[in-house]
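Written below as structure tokens is the structure these notes are about.
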Amino acid sequence: MASLTATDILRISQTYKAFRNNQCVLYFVTESISNICQLIIYFVIYVLITLNGIDPGNSTLFWCKFRAMMIALCTVISFSTICFSACDQYLSTNLQFNIRKLSTTKLAQILIFTAIVISILHVIPFAIFLEIRASLCRVFNPIMSQYLSFFYYPILSGLLPIFIASLFSILAYHNVRRIVRRQIPIVRRRLDRQLTAMVLVRVITFVILTLPYAIQRMYTYLAKVDQSNLFLLAINTLAAGIISSFFNLNYAVSFYIFIASSSRFRRQINLLFTDDTVGLYTSSMSLIANATEFTAECYVVEPLLQSTLECVFNSSCLSTTMKFFLDTNLTNIKRLDANQTQYPLETIIDILVNN
């Protein structure tokens, strides 16, 4: 389920250049990879419990430490990228150019690298303080327990990312509603709207799935449920299990959220599996010839701006294309020299027009 998310976004970002050149996709891919790792860890945990009949984490110190470290690592990275994508959409859709130019791929790479490094440093105490006592894997150090109880669970993996992601996604939505005032190409405008819609729906889902978990964690540690009251303890355990299950959906729903919120994403999924993304088409979208990096979509302008001019540098492709022109004066056109252009051959027409 989650492997579809990373694989599809990676392949779509490679074929759909308007998306690929947007740094928000880098956040999506990073989140997807992190989510895959998280789900693999959960899958291995449940498989080992099923095969052994007991939790090996309560008897093997390495597995006790490793699984907790990986879960915390993937959680912080995944939630960080959700916040980053919301912030990026606010920056990229802002009406002020000085703010909008802060949204760059380089900044995205720096933020992702920083989040990974901080996440790795953050899980080091897990390796130090996790112990096995009386066949139970947990943190027994009182200071570390206080940190987990009052900061990590309710704040770092709960209220803080909820607040940041919600704030900037709302601001981005407000920007997009005014985006018509900006003098930018219609394709760029549609792309901003699509990405903002994807981020906004992802954040809404994130809040719905995470907020109950943060509240339940705070209640558990602050209310200090009486362990002698078996009925209250059973209710709390049941509620914690249900809420945790919904919380873990955070790591598996991105693909389906993007499918539901973006018509452009759905079209690319369809093109991904039909493999009819390049070539020359009739008005009924029937492929009549292959042409390098000429894309097809529902409208004329969008695929033109998403295409490249690689074909005009290739003699075979150019010859194939010229066969469909009725004007005989076009038959002697020669391919262009790749050494006489300042742009890479794979540069999309949208970028050439804007520059």
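Note on naming: chains are A, B, ... as they come in the structure tokens, residues start from 1 per chain, ligands start from 1 in the order shown.
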
Long-range neighbours of segment 242-247 of chain A as a PyMOL selection string, 9 Å cut-off, only C-alpha atoms, 3 positions minimum in chain: chain A and resi 206+208-213+216+237-239+250-251

Which residues in segment 52-104 of chain A does DSSP call alpha helix (DSSP H)? List them as a PDB file with N, CA, C and O atoms, in the first residue's frame.
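That gives us part07.pdb:
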```
ATOM      1  N   ASN A  52       6.453 -16.140  16.778  1.00  0.00           N
ATOM      2  CA  ASN A  52       7.044 -16.591  18.032  1.00  0.00           C
ATOM      3  C   ASN A  52       6.030 -16.729  19.165  1.00  0.00           C
ATOM      4  O   ASN A  52       6.314 -17.359  20.175  1.00  0.00           O
ATOM      5  N   LEU A  61      17.683  -7.421  23.377  1.00  0.00           N
ATOM      6  CA  LEU A  61      17.967  -6.002  23.624  1.00  0.00           C
ATOM      7  C   LEU A  61      18.165  -5.230  22.324  1.00  0.00           C
ATOM      8  O   LEU A  61      17.702  -4.089  22.210  1.00  0.00           O
ATOM      9  N   PHE A  62      18.846  -5.842  21.336  1.00  0.00           N
ATOM     10  CA  PHE A  62      19.070  -5.141  20.069  1.00  0.00           C
ATOM     11  C   PHE A  62      17.742  -4.780  19.407  1.00  0.00           C
ATOM     12  O   PHE A  62      17.547  -3.649  18.963  1.00  0.00           O
ATOM     13  N   TRP A  63      16.825  -5.736  19.318  1.00  0.00           N
ATOM     14  CA  TRP A  63      15.539  -5.481  18.673  1.00  0.00           C
ATOM     15  C   TRP A  63      14.712  -4.492  19.485  1.00  0.00           C
ATOM     16  O   TRP A  63      13.995  -3.662  18.915  1.00  0.00           O
ATOM     17  N   CYS A  64      14.830  -4.565  20.802  1.00  0.00           N
ATOM     18  CA  CYS A  64      14.145  -3.614  21.697  1.00  0.00           C
ATOM     19  C   CYS A  64      14.552  -2.186  21.368  1.00  0.00           C
ATOM     20  O   CYS A  64      13.713  -1.293  21.248  1.00  0.00           O
ATOM     21  N   LYS A  65      15.861  -1.961  21.193  1.00  0.00           N
ATOM     22  CA  LYS A  65      16.370  -0.616  20.925  1.00  0.00           C
ATOM     23  C   LYS A  65      16.135  -0.206  19.468  1.00  0.00           C
ATOM     24  O   LYS A  65      15.699   0.914  19.179  1.00  0.00           O
ATOM     25  N   PHE A  66      16.437  -1.125  18.544  1.00  0.00           N
ATOM     26  CA  PHE A  66      16.403  -0.793  17.114  1.00  0.00           C
ATOM     27  C   PHE A  66      15.009  -0.404  16.650  1.00  0.00           C
ATOM     28  O   PHE A  66      14.835   0.590  15.936  1.00  0.00           O
ATOM     29  N   ARG A  67      14.001  -1.174  17.027  1.00  0.00           N
ATOM     30  CA  ARG A  67      12.651  -0.875  16.548  1.00  0.00           C
ATOM     31  C   ARG A  67      12.149   0.455  17.086  1.00  0.00           C
ATOM     32  O   ARG A  67      11.503   1.223  16.357  1.00  0.00           O
ATOM     33  N   ALA A  68      12.445   0.768  18.357  1.00  0.00           N
ATOM     34  CA  ALA A  68      12.021   2.043  18.935  1.00  0.00           C
ATOM     35  C   ALA A  68      12.731   3.209  18.256  1.00  0.00           C
ATOM     36  O   ALA A  68      12.120   4.264  17.998  1.00  0.00           O
ATOM     37  N   MET A  69      14.016   3.024  17.953  1.00  0.00           N
ATOM     38  CA  MET A  69      14.776   4.077  17.280  1.00  0.00           C
ATOM     39  C   MET A  69      14.239   4.332  15.873  1.00  0.00           C
ATOM     40  O   MET A  69      14.062   5.487  15.457  1.00  0.00           O
ATOM     41  N   MET A  70      13.951   3.276  15.135  1.00  0.00           N
ATOM     42  CA  MET A  70      13.459   3.431  13.766  1.00  0.00           C
ATOM     43  C   MET A  70      12.073   4.070  13.734  1.00  0.00           C
ATOM     44  O   MET A  70      11.783   4.906  12.873  1.00  0.00           O
ATOM     45  N   ILE A  71      11.210   3.669  14.662  1.00  0.00           N
ATOM     46  CA  ILE A  71       9.861   4.246  14.708  1.00  0.00           C
ATOM     47  C   ILE A  71       9.932   5.739  15.015  1.00  0.00           C
ATOM     48  O   ILE A  71       9.269   6.559  14.359  1.00  0.00           O
ATOM     49  N   ALA A  72      10.759   6.110  16.006  1.00  0.00           N
ATOM     50  CA  ALA A  72      10.904   7.527  16.350  1.00  0.00           C
ATOM     51  C   ALA A  72      11.553   8.304  15.200  1.00  0.00           C
ATOM     52  O   ALA A  72      11.142   9.430  14.885  1.00  0.00           O
ATOM     53  N   LEU A  73      12.559   7.704  14.541  1.00  0.00           N
ATOM     54  CA  LEU A  73      13.251   8.359  13.431  1.00  0.00           C
ATOM     55  C   LEU A  73      12.295   8.642  12.274  1.00  0.00           C
ATOM     56  O   LEU A  73      12.214   9.771  11.771  1.00  0.00           O
ATOM     57  N   CYS A  74      11.554   7.621  11.861  1.00  0.00           N
ATOM     58  CA  CYS A  74      10.641   7.778  10.721  1.00  0.00           C
ATOM     59  C   CYS A  74       9.496   8.733  11.048  1.00  0.00           C
ATOM     60  O   CYS A  74       9.038   9.480  10.182  1.00  0.00           O
ATOM     61  N   THR A  75       9.029   8.703  12.300  1.00  0.00           N
ATOM     62  CA  THR A  75       7.938   9.594  12.699  1.00  0.00           C
ATOM     63  C   THR A  75       8.352  11.055  12.594  1.00  0.00           C
ATOM     64  O   THR A  75       7.625  11.879  12.015  1.00  0.00           O
ATOM     65  N   VAL A  76       9.511  11.390  13.135  1.00  0.00           N
ATOM     66  CA  VAL A  76       9.972  12.782  13.115  1.00  0.00           C
ATOM     67  C   VAL A  76      10.235  13.246  11.687  1.00  0.00           C
ATOM     68  O   VAL A  76       9.863  14.368  11.310  1.00  0.00           O
ATOM     69  N   ILE A  77      10.849  12.403  10.857  1.00  0.00           N
ATOM     70  CA  ILE A  77      11.124  12.775   9.468  1.00  0.00           C
ATOM     71  C   ILE A  77       9.821  12.974   8.695  1.00  0.00           C
ATOM     72  O   ILE A  77       9.645  13.963   7.972  1.00  0.00           O
ATOM     73  N   SER A  78       8.896  12.032   8.856  1.00  0.00           N
ATOM     74  CA  SER A  78       7.625  12.113   8.133  1.00  0.00           C
ATOM     75  C   SER A  78       6.840  13.357   8.517  1.00  0.00           C
ATOM     76  O   SER A  78       6.358  14.091   7.649  1.00  0.00           O
ATOM     77  N   PHE A  79       6.730  13.622   9.806  1.00  0.00           N
ATOM     78  CA  PHE A  79       5.971  14.787  10.268  1.00  0.00           C
ATOM     79  C   PHE A  79       6.674  16.085   9.898  1.00  0.00           C
ATOM     80  O   PHE A  79       6.019  17.096   9.628  1.00  0.00           O
ATOM     81  N   SER A  80       8.000  16.064   9.870  1.00  0.00           N
ATOM     82  CA  SER A  80       8.753  17.262   9.473  1.00  0.00           C
ATOM     83  C   SER A  80       8.472  17.614   8.017  1.00  0.00           C
ATOM     84  O   SER A  80       8.269  18.788   7.684  1.00  0.00           O
ATOM     85  N   THR A  81       8.457  16.596   7.139  1.00  0.00           N
ATOM     86  CA  THR A  81       8.221  16.866   5.724  1.00  0.00           C
ATOM     87  C   THR A  81       6.794  17.359   5.466  1.00  0.00           C
ATOM     88  O   THR A  81       6.569  18.155   4.555  1.00  0.00           O
ATOM     89  N   ILE A  82       5.841  16.900   6.274  1.00  0.00           N
ATOM     90  CA  ILE A  82       4.471  17.416   6.149  1.00  0.00           C
ATOM     91  C   ILE A  82       4.458  18.915   6.473  1.00  0.00           C
ATOM     92  O   ILE A  82       3.837  19.713   5.761  1.00  0.00           O
ATOM     93  N   CYS A  83       5.155  19.287   7.539  1.00  0.00           N
ATOM     94  CA  CYS A  83       5.247  20.708   7.909  1.00  0.00           C
ATOM     95  C   CYS A  83       5.992  21.499   6.840  1.00  0.00           C
ATOM     96  O   CYS A  83       5.582  22.611   6.474  1.00  0.00           O
ATOM     97  N   PHE A  84       7.077  20.936   6.321  1.00  0.00           N
ATOM     98  CA  PHE A  84       7.862  21.623   5.293  1.00  0.00           C
ATOM     99  C   PHE A  84       7.039  21.857   4.034  1.00  0.00           C
ATOM    100  O   PHE A  84       7.123  22.921   3.411  1.00  0.00           O
ATOM    101  N   SER A  85       6.262  20.855   3.627  1.00  0.00           N
ATOM    102  CA  SER A  85       5.462  21.002   2.406  1.00  0.00           C
ATOM    103  C   SER A  85       4.404  22.084   2.572  1.00  0.00           C
ATOM    104  O   SER A  85       4.132  22.846   1.634  1.00  0.00           O
ATOM    105  N   ALA A  86       3.821  22.184   3.771  1.00  0.00           N
ATOM    106  CA  ALA A  86       2.838  23.237   4.035  1.00  0.00           C
ATOM    107  C   ALA A  86       3.518  24.616   4.001  1.00  0.00           C
ATOM    108  O   ALA A  86       2.981  25.565   3.411  1.00  0.00           O
ATOM    109  N   CYS A  87       4.690  24.719   4.624  1.00  0.00           N
ATOM    110  CA  CYS A  87       5.433  25.985   4.606  1.00  0.00           C
ATOM    111  C   CYS A  87       5.842  26.364   3.185  1.00  0.00           C
ATOM    112  O   CYS A  87       5.769  27.538   2.802  1.00  0.00           O
ATOM    113  N   ASP A  88       6.275  25.363   2.413  1.00  0.00           N
ATOM    114  CA  ASP A  88       6.707  25.631   1.042  1.00  0.00           C
ATOM    115  C   ASP A  88       5.559  26.157   0.192  1.00  0.00           C
ATOM    116  O   ASP A  88       5.747  27.069  -0.619  1.00  0.00           O
ATOM    117  N   GLN A  89       4.367  25.591   0.375  1.00  0.00           N
ATOM    118  CA  GLN A  89       3.225  26.076  -0.392  1.00  0.00           C
ATOM    119  C   GLN A  89       2.854  27.499  -0.015  1.00  0.00           C
ATOM    120  O   GLN A  89       2.432  28.282  -0.858  1.00  0.00           O
ATOM    121  N   TYR A  90       3.007  27.829   1.261  1.00  0.00           N
ATOM    122  CA  TYR A  90       2.767  29.220   1.669  1.00  0.00           C
ATOM    123  C   TYR A  90       3.758  30.156   0.981  1.00  0.00           C
ATOM    124  O   TYR A  90       3.386  31.221   0.477  1.00  0.00           O
ATOM    125  N   LEU A  91       5.043  29.750   0.943  1.00  0.00           N
ATOM    126  CA  LEU A  91       6.064  30.595   0.325  1.00  0.00           C
ATOM    127  C   LEU A  91       5.853  30.706  -1.184  1.00  0.00           C
ATOM    128  O   LEU A  91       5.905  31.801  -1.747  1.00  0.00           O
ATOM    129  N   SER A  92       5.620  29.575  -1.855  1.00  0.00           N
ATOM    130  CA  SER A  92       5.543  29.566  -3.315  1.00  0.00           C
ATOM    131  C   SER A  92       4.291  30.238  -3.852  1.00  0.00           C
ATOM    132  O   SER A  92       4.252  30.635  -5.018  1.00  0.00           O
ATOM    133  N   PHE A  97       7.092  38.846  -4.024  1.00  0.00           N
ATOM    134  CA  PHE A  97       8.163  38.129  -4.701  1.00  0.00           C
ATOM    135  C   PHE A  97       9.299  37.767  -3.748  1.00  0.00           C
ATOM    136  O   PHE A  97       9.883  36.677  -3.845  1.00  0.00           O
ATOM    137  N   ASN A  98       9.656  38.667  -2.822  1.00  0.00           N
ATOM    138  CA  ASN A  98      10.755  38.409  -1.896  1.00  0.00           C
ATOM    139  C   ASN A  98      10.489  37.186  -1.024  1.00  0.00           C
ATOM    140  O   ASN A  98      11.425  36.484  -0.629  1.00  0.00           O
ATOM    141  N   ILE A  99       9.223  36.947  -0.701  1.00  0.00           N
ATOM    142  CA  ILE A  99       8.865  35.752   0.069  1.00  0.00           C
ATOM    143  C   ILE A  99       8.783  34.540  -0.852  1.00  0.00           C
ATOM    144  O   ILE A  99       9.247  33.449  -0.499  1.00  0.00           O
ATOM    145  N   ARG A 100       8.238  34.747  -2.043  1.00  0.00           N
ATOM    146  CA  ARG A 100       8.048  33.636  -2.974  1.00  0.00           C
ATOM    147  C   ARG A 100       9.381  33.045  -3.432  1.00  0.00           C
ATOM    148  O   ARG A 100       9.482  31.834  -3.642  1.00  0.00           O
TER     149      ARG A 100
END
```

When you look at Leu159 of chain A with a cut-off of 9 Å (counting only C-alpha atoms), what residues show up, excluding the ones that are within fewer than 4 positions of it in the same chain? I need them as a PDB file with N, CA, C and O atoms, in the first residue's frame.
```
ATOM      1  N   TYR A 153       5.836  12.611  22.938  1.00  0.00           N
ATOM      2  CA  TYR A 153       4.539  12.110  22.476  1.00  0.00           C
ATOM      3  C   TYR A 153       3.490  13.212  22.301  1.00  0.00           C
ATOM      4  O   TYR A 153       2.863  13.301  21.240  1.00  0.00           O
ATOM      5  N   PRO A 154       3.278  14.072  23.301  1.00  0.00           N
ATOM      6  CA  PRO A 154       2.202  15.068  23.118  1.00  0.00           C
ATOM      7  C   PRO A 154       2.589  16.272  22.262  1.00  0.00           C
ATOM      8  O   PRO A 154       1.735  16.853  21.596  1.00  0.00           O
ATOM      9  N   ILE A 155       3.883  16.657  22.258  1.00  0.00           N
ATOM     10  CA  ILE A 155       4.295  17.896  21.585  1.00  0.00           C
ATOM     11  C   ILE A 155       5.010  17.609  20.266  1.00  0.00           C
ATOM     12  O   ILE A 155       4.528  17.974  19.188  1.00  0.00           O
ATOM     13  N   PHE A 163       0.126  22.128  14.699  1.00  0.00           N
ATOM     14  CA  PHE A 163       0.012  23.594  14.675  1.00  0.00           C
ATOM     15  C   PHE A 163       0.726  24.177  13.454  1.00  0.00           C
ATOM     16  O   PHE A 163       0.165  25.014  12.729  1.00  0.00           O
ATOM     17  N   ILE A 164       1.969  23.740  13.211  1.00  0.00           N
ATOM     18  CA  ILE A 164       2.750  24.298  12.107  1.00  0.00           C
ATOM     19  C   ILE A 164       2.102  23.978  10.760  1.00  0.00           C
ATOM     20  O   ILE A 164       1.917  24.857   9.911  1.00  0.00           O
ATOM     21  N   THR A 210      -3.955  12.561  13.960  1.00  0.00           N
ATOM     22  CA  THR A 210      -2.918  12.766  14.973  1.00  0.00           C
ATOM     23  C   THR A 210      -3.435  13.419  16.245  1.00  0.00           C
ATOM     24  O   THR A 210      -2.970  13.092  17.347  1.00  0.00           O
ATOM     25  N   LEU A 211      -4.381  14.349  16.118  1.00  0.00           N
ATOM     26  CA  LEU A 211      -4.857  15.070  17.297  1.00  0.00           C
ATOM     27  C   LEU A 211      -5.442  14.143  18.369  1.00  0.00           C
ATOM     28  O   LEU A 211      -5.095  14.289  19.557  1.00  0.00           O
ATOM     29  N   ALA A 214      -2.531  12.531  20.223  1.00  0.00           N
ATOM     30  CA  ALA A 214      -1.832  13.433  21.144  1.00  0.00           C
ATOM     31  C   ALA A 214      -2.650  13.647  22.416  1.00  0.00           C
ATOM     32  O   ALA A 214      -2.103  13.651  23.532  1.00  0.00           O
ATOM     33  N   ILE A 215      -3.965  13.817  22.267  1.00  0.00           N
ATOM     34  CA  ILE A 215      -4.841  14.012  23.435  1.00  0.00           C
ATOM     35  C   ILE A 215      -4.849  12.769  24.312  1.00  0.00           C
ATOM     36  O   ILE A 215      -4.769  12.854  25.551  1.00  0.00           O
TER      37      ILE A 215
END
```
